[in-house]
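Enquirer: Sharing a structure with you now.
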Amino acid sequence: MSRFEEMQIFAKVVETGSITRAAQVLDIAKSAVSRRLAELESRLGVQLLVRTTRKLTLTETGRSFYERCLRLLEDLAELEESVTSEHKSLSGKLKIAAPFTFGMMHLGCVFNDFMQMHPNLNFDINFNDRQVDIVQEGYDLAIRIGRLVDSTLIARPICKIHTVICASPAYLEKFGEPKTPEELTQHRVIHYSNLPNSIWRFWNSKGECIEVSVNPWLQANAGDYLRQAAINGYGIVTQPNFILYKEIASGALKPILTEYQLVESNAYLIYPHTRHLSHRVRTFVDYVLERFKGTPYWDLPLNEYCESAGCPSPSDFKPLPEDGAPTMK
């Protein structure tokens, strides 16, 4: 067996965490996988994996060897793909993780349009607010909102994310409108429970930070639900503008404390650091960055937003052309 095939087997065992699962994925006998691993370690003169009855664990040498194997395998795949990419459409699979509400409201149409352009490309999309481990879980890329902590990943900013604080006109008429952040402690507050705490931060015109520890009257981990609760007059909510922009434009929700600035963050495209990014991932990244270039439509002034078509619902799939149906493999 060639050294390239040995590296493939070793990498697949590490990715799946099991000799049995690796054998199933590679469609070869389990005994053959075990034998090739033993031969590889014997030839190198080092132990790459610690085997127990319950799991496989990489040694330090094994981890270093695995990372180098990945780079070599990616280089070869990129070489083969680059030779043919100019002569055929994109194919293969893109595995993407995206935040639930932002993904459903603003990325669905991007995915749909990209599929229209590349009908032989298969998508595996996980809409979930959980921050996946891109490398360990086998994702090509992820879209994330907020602060980034993993410096081993490449992050490309997509757009700014502005936070607004709102309530329904009915709520404000019944309970009054707070004039300072501190008055929020006297109001019914709707809180996004995935945040690490219930402290809301504001900045005044002098740049001074004001922290208010709110006592949520209602909290949940779904932005859509919280938006509807605010519309129904259940309380005051603070959420990204990309969730509330339509209700603000229609008057269903009214921004309050507008003289204060709330937390700002970014939406990012995140992907592993490799010397050669695959052609399909690079093409998708470039497409997303182009789609969100400039001011996002949800941040446009009211008169400009009303003239903008915005982004359609992710359920608004356009039919694929009859001669461009995805190839089943």
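All residue names refer to the structure tokens as shown: chains lettered A, B, ... in order, residues numbered from 1 in each chain, ligands numbered from 1 in order.
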Skip Asp129 in chain A itself and residues of its chain fewer than 4 positions away, then list as a list in words all residues within 12 Å of it, counting only C-alpha atoms.
Expert: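 Contacts, in chain order: Ala97, Ala98, Pro99, Phe100, Thr101, Phe102, Gly103, Met104, Ala142, Ile143, Arg144, Ile145, Gly146, Tyr192, Ser193, Asn194, Leu195, Asn221, Ala222 and Gly223 of chain A.
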Enquirer: Please identify all polymer residues within 12 Å of Ser34 in chain A, counting only C-alpha atoms, omitting same-chain residues fewer than 3 positions from it, and present them as an mmCIF file with N, CA, C and O atoms, in the first residue's frame.
Expert:
```cif
data_model
loop_
_atom_site.group_PDB
_atom_site.id
_atom_site.type_symbol
_atom_site.label_atom_id
_atom_site.label_comp_id
_atom_site.auth_asym_id
_atom_site.auth_seq_id
_atom_site.Cartn_x
_atom_site.Cartn_y
_atom_site.Cartn_z
ATOM 1 N N GLU A 6 -1.823 5.063 3.207
ATOM 2 C CA GLU A 6 -1.625 4.956 4.654
ATOM 3 C C GLU A 6 -2.082 6.222 5.358
ATOM 4 O O GLU A 6 -2.743 6.176 6.396
ATOM 5 N N ILE A 9 -5.900 6.400 5.465
ATOM 6 C CA ILE A 9 -6.483 5.525 6.485
ATOM 7 C C ILE A 9 -6.282 6.119 7.869
ATOM 8 O O ILE A 9 -7.214 6.188 8.682
ATOM 9 N N PHE A 10 -5.056 6.564 8.159
ATOM 10 C CA PHE A 10 -4.763 7.151 9.464
ATOM 11 C C PHE A 10 -5.649 8.373 9.725
ATOM 12 O O PHE A 10 -6.240 8.511 10.800
ATOM 13 N N VAL A 13 -9.249 7.379 10.490
ATOM 14 C CA VAL A 13 -9.401 6.839 11.837
ATOM 15 C C VAL A 13 -9.482 7.966 12.858
ATOM 16 O O VAL A 13 -10.315 7.957 13.770
ATOM 17 N N SER A 18 -12.649 6.014 15.408
ATOM 18 C CA SER A 18 -12.867 4.579 15.558
ATOM 19 C C SER A 18 -12.319 3.839 14.350
ATOM 20 O O SER A 18 -12.519 4.260 13.206
ATOM 21 N N ILE A 19 -11.634 2.731 14.610
ATOM 22 C CA ILE A 19 -11.162 1.884 13.509
ATOM 23 C C ILE A 19 -12.342 1.280 12.770
ATOM 24 O O ILE A 19 -12.351 1.198 11.540
ATOM 25 N N THR A 20 -13.361 0.883 13.532
ATOM 26 C CA THR A 20 -14.546 0.275 12.902
ATOM 27 C C THR A 20 -15.245 1.258 11.972
ATOM 28 O O THR A 20 -15.580 0.930 10.827
ATOM 29 N N ARG A 21 -15.479 2.505 12.457
ATOM 30 C CA ARG A 21 -16.166 3.492 11.616
ATOM 31 C C ARG A 21 -15.309 3.885 10.407
ATOM 32 O O ARG A 21 -15.825 4.116 9.327
ATOM 33 N N ALA A 22 -14.003 3.974 10.614
ATOM 34 C CA ALA A 22 -13.122 4.299 9.490
ATOM 35 C C ALA A 22 -13.192 3.219 8.426
ATOM 36 O O ALA A 22 -13.226 3.506 7.222
ATOM 37 N N ALA A 23 -13.223 1.965 8.867
ATOM 38 C CA ALA A 23 -13.317 0.856 7.908
ATOM 39 C C ALA A 23 -14.625 0.919 7.129
ATOM 40 O O ALA A 23 -14.666 0.664 5.921
ATOM 41 N N ILE A 28 -13.468 -0.914 3.601
ATOM 42 C CA ILE A 28 -12.458 -1.969 3.655
ATOM 43 C C ILE A 28 -12.615 -2.694 4.982
ATOM 44 O O ILE A 28 -13.305 -2.239 5.888
ATOM 45 N N ALA A 29 -11.959 -3.844 5.116
ATOM 46 C CA ALA A 29 -12.094 -4.654 6.321
ATOM 47 C C ALA A 29 -11.469 -3.959 7.526
ATOM 48 O O ALA A 29 -10.450 -3.275 7.410
ATOM 49 N N LYS A 30 -12.091 -4.155 8.693
ATOM 50 C CA LYS A 30 -11.555 -3.585 9.929
ATOM 51 C C LYS A 30 -10.145 -4.094 10.196
ATOM 52 O O LYS A 30 -9.263 -3.342 10.642
ATOM 53 N N SER A 31 -9.919 -5.367 9.928
ATOM 54 C CA SER A 31 -8.591 -5.947 10.152
ATOM 55 C C SER A 31 -7.544 -5.297 9.264
ATOM 56 O O SER A 31 -6.386 -5.128 9.667
ATOM 57 N N LEU A 37 -2.434 0.530 10.191
ATOM 58 C CA LEU A 37 -1.987 1.431 11.245
ATOM 59 C C LEU A 37 -0.750 0.885 11.945
ATOM 60 O O LEU A 37 0.203 1.625 12.233
ATOM 61 N N ALA A 38 -0.775 -0.419 12.223
ATOM 62 C CA ALA A 38 0.381 -1.039 12.875
ATOM 63 C C ALA A 38 1.616 -0.956 11.991
ATOM 64 O O ALA A 38 2.728 -0.681 12.467
ATOM 65 N N GLU A 39 1.450 -1.181 10.682
ATOM 66 C CA GLU A 39 2.572 -1.108 9.750
ATOM 67 C C GLU A 39 3.112 0.314 9.654
ATOM 68 O O GLU A 39 4.329 0.533 9.573
ATOM 69 N N LEU A 40 2.194 1.297 9.693
ATOM 70 C CA LEU A 40 2.618 2.694 9.625
ATOM 71 C C LEU A 40 3.441 3.062 10.856
ATOM 72 O O LEU A 40 4.509 3.687 10.747
ATOM 73 N N GLU A 41 2.956 2.689 12.044
ATOM 74 C CA GLU A 41 3.695 2.997 13.269
ATOM 75 C C GLU A 41 5.034 2.273 13.297
ATOM 76 O O GLU A 41 6.048 2.828 13.749
ATOM 77 N N LEU A 49 -1.163 6.440 17.971
ATOM 78 C CA LEU A 49 -2.447 6.359 18.658
ATOM 79 C C LEU A 49 -2.328 5.498 19.899
ATOM 80 O O LEU A 49 -1.638 4.470 19.897
ATOM 81 N N ARG A 51 -4.517 3.114 22.056
ATOM 82 C CA ARG A 51 -5.750 2.350 21.881
ATOM 83 C C ARG A 51 -6.217 1.790 23.214
ATOM 84 O O ARG A 51 -5.452 1.145 23.934
#
```
Enquirer: Which neighbours of Thr57 in chain A fall inside 12 Å, counting only C-alpha atoms, when residues of the same chain fewer than 2 positions from it are skipped, and could you give them as a ChimeraX atom specification?
Expert: /A:13-19,47-55,59-63,66
Enquirer: Please save N, CA and C atoms of the selected residues as a tab-separated table (two decimals), in the first residue's frame.
Expert:
```tsv
chain	number	residue	atom	x	y	z
A	13	VAL	N	-9.25	7.38	10.49
A	13	VAL	CA	-9.40	6.84	11.84
A	13	VAL	C	-9.48	7.97	12.86
A	14	VAL	N	-8.63	8.98	12.71
A	14	VAL	CA	-8.64	10.11	13.63
A	14	VAL	C	-9.95	10.88	13.50
A	15	GLU	N	-10.42	11.13	12.27
A	15	GLU	CA	-11.64	11.91	12.05
A	15	GLU	C	-12.87	11.20	12.63
A	16	THR	N	-12.94	9.89	12.45
A	16	THR	CA	-14.12	9.14	12.92
A	16	THR	C	-13.98	8.71	14.37
A	17	GLY	N	-12.73	8.69	14.89
A	17	GLY	CA	-12.51	8.28	16.26
A	17	GLY	C	-12.64	6.80	16.50
A	18	SER	N	-12.65	6.01	15.41
A	18	SER	CA	-12.87	4.58	15.56
A	18	SER	C	-12.32	3.84	14.35
A	19	ILE	N	-11.63	2.73	14.61
A	19	ILE	CA	-11.16	1.88	13.51
A	19	ILE	C	-12.34	1.28	12.77
A	47	GLN	N	4.71	5.67	18.20
A	47	GLN	CA	3.30	5.38	18.46
A	47	GLN	C	2.47	6.61	18.11
A	48	LEU	N	1.50	6.44	17.24
A	48	LEU	CA	0.65	7.55	16.81
A	48	LEU	C	-0.66	7.61	17.58
A	49	LEU	N	-1.16	6.44	17.97
A	49	LEU	CA	-2.45	6.36	18.66
A	49	LEU	C	-2.33	5.50	19.90
A	50	VAL	N	-3.02	5.92	20.97
A	50	VAL	CA	-3.15	5.09	22.17
A	50	VAL	C	-4.51	4.41	22.10
A	51	ARG	N	-4.52	3.11	22.06
A	51	ARG	CA	-5.75	2.35	21.88
A	51	ARG	C	-6.22	1.79	23.21
A	52	THR	N	-7.47	2.03	23.55
A	52	THR	CA	-8.12	1.39	24.69
A	52	THR	C	-9.38	0.72	24.19
A	53	THR	N	-10.07	0.03	25.06
A	53	THR	CA	-11.31	-0.65	24.65
A	53	THR	C	-12.42	0.33	24.34
A	54	ARG	N	-12.27	1.60	24.82
A	54	ARG	CA	-13.36	2.56	24.66
A	54	ARG	C	-13.08	3.63	23.62
A	55	LYS	N	-11.81	3.99	23.42
A	55	LYS	CA	-11.55	5.07	22.48
A	55	LYS	C	-10.10	5.06	22.00
A	59	THR	N	-1.35	10.52	20.29
A	59	THR	CA	-0.18	10.97	21.03
A	59	THR	C	0.23	12.34	20.50
A	60	GLU	N	1.17	13.01	21.18
A	60	GLU	CA	1.63	14.30	20.70
A	60	GLU	C	2.25	14.17	19.31
A	61	THR	N	3.04	13.10	19.14
A	61	THR	CA	3.63	12.85	17.81
A	61	THR	C	2.54	12.55	16.80
A	62	GLY	N	1.53	11.79	17.24
A	62	GLY	CA	0.43	11.44	16.34
A	62	GLY	C	-0.35	12.67	15.90
A	63	ARG	N	-0.56	13.62	16.83
A	63	ARG	CA	-1.28	14.84	16.48
A	63	ARG	C	-0.51	15.65	15.44
A	66	TYR	N	-0.77	13.87	12.18
A	66	TYR	CA	-2.11	14.02	11.62
A	66	TYR	C	-2.28	15.37	10.94
```
Enquirer: Counting only C-alpha atoms, what is within 6 Å of range 199-206 of chain A, bar same-chain residues fewer than 3 positions away, as number ranges by chain?
Expert: A: 209-213, 260-262
Enquirer: If you take only C-alpha atoms and a cut-off of 7 Å, which residues of range 95-178 of chain A touch range 236-255 of chain A, and what are their nearest atom pairs and distances in Å to one decimal, in chain and number order, as a tab-separated table?
Expert:
```
residue	atom	partner	partner_atom	distance
A:Ile161	CA	A:Pro240	CA	6.4
A:His162	CA	A:Pro240	CA	5.6
A:Thr163	CA	A:Pro240	CA	4.1
A:Val164	CA	A:Thr238	CA	5.5
A:Ile165	CA	A:Thr238	CA	4.2
A:Cys166	CA	A:Pro255	CA	4.3
A:Ala167	CA	A:Ile236	CA	4.7
A:Ser168	CA	A:Leu253	CA	4.5
A:Pro169	CA	A:Lys254	CA	6.4
```
Enquirer: Please identify all polymer residues within 7 Å of Asn122 in chain A, counting only C-alpha atoms, omitting same-chain residues fewer than 6 positions from it, and present them as a short mmCIF file (atom, residue, chain, number, x, y, z; two decimals) with C-alpha atoms, in the first residue's frame.
Expert:
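So the final result, stored in around_19.cif, reads:
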```cif
data_model
loop_
_atom_site.label_atom_id
_atom_site.label_comp_id
_atom_site.auth_asym_id
_atom_site.auth_seq_id
_atom_site.Cartn_x
_atom_site.Cartn_y
_atom_site.Cartn_z
CA GLY A 92 -19.04 17.86 -4.07
CA LYS A 93 -20.50 18.90 -0.71
CA LEU A 94 -20.40 22.04 1.39
#
```
Enquirer: Would you mind telling me which residue in A:His118, A:Glu177, A:Arg35, A:Leu148 lies nearest to Gln131 in chain A when using only C-alpha atoms?
Expert: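 The answer is A:Leu148, which sits nearest to Gln131 in chain A.
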Enquirer: Could you tell me which of A:Glu5, A:Asp27, A:Glu67, A:Glu259 comes closest to Thr180 in chain A if we count only C-alpha atoms?
Expert: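 Checking each candidate against Thr180 in chain A, we get A:Glu259 as the closest.
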Enquirer: Enter the distance from CA of Leu257 in chain A to CA of Leu226 in chain A, in Å, rounded to one decimal.
Expert: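 Separation of CA of Leu257 in chain A and CA of Leu226 in chain A: 19.0 Å.
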Enquirer: Could you check how far CA of Arg71 in chain A sits from CA of Val135 in chain A, in Å to one decimal?
Expert: 13.0 Å
Enquirer: Counting only C-alpha atoms, what is within 7 Å of range 187-189 of chain A, bar same-chain residues fewer than 5 positions away, as a list in words?
Expert: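 Neighbouring residues, sequence-local ones excluded: Asn215, Pro216, Trp217, Leu218, Gly235, Ile236 and Val237 of chain A.
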Enquirer: Ranking A:Leu269, A:Met105, A:Ala229, A:Ile190 by minimum distance to Val281 in chain A and counting only C-alpha atoms, which one comes first?
Expert: A:Leu269
Enquirer: Would you please extract all strand (DSSP E) residues from range 36-280 of chain A, as assigned by DSSP on the backbone, and give them as a ChimeraX atom specification?
Expert: /A:49-51,56-58,92-98,121-127,141-145,153-167,189-192,199-203,209-213,218-220,236-240,254-255,261-262,264-272
Enquirer: Enter the distance from CA of Ala32 in chain A to CA of Arg3 in chain A, in Å, rounded to one decimal.
Expert: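 A separation of 14.8 Å between them.
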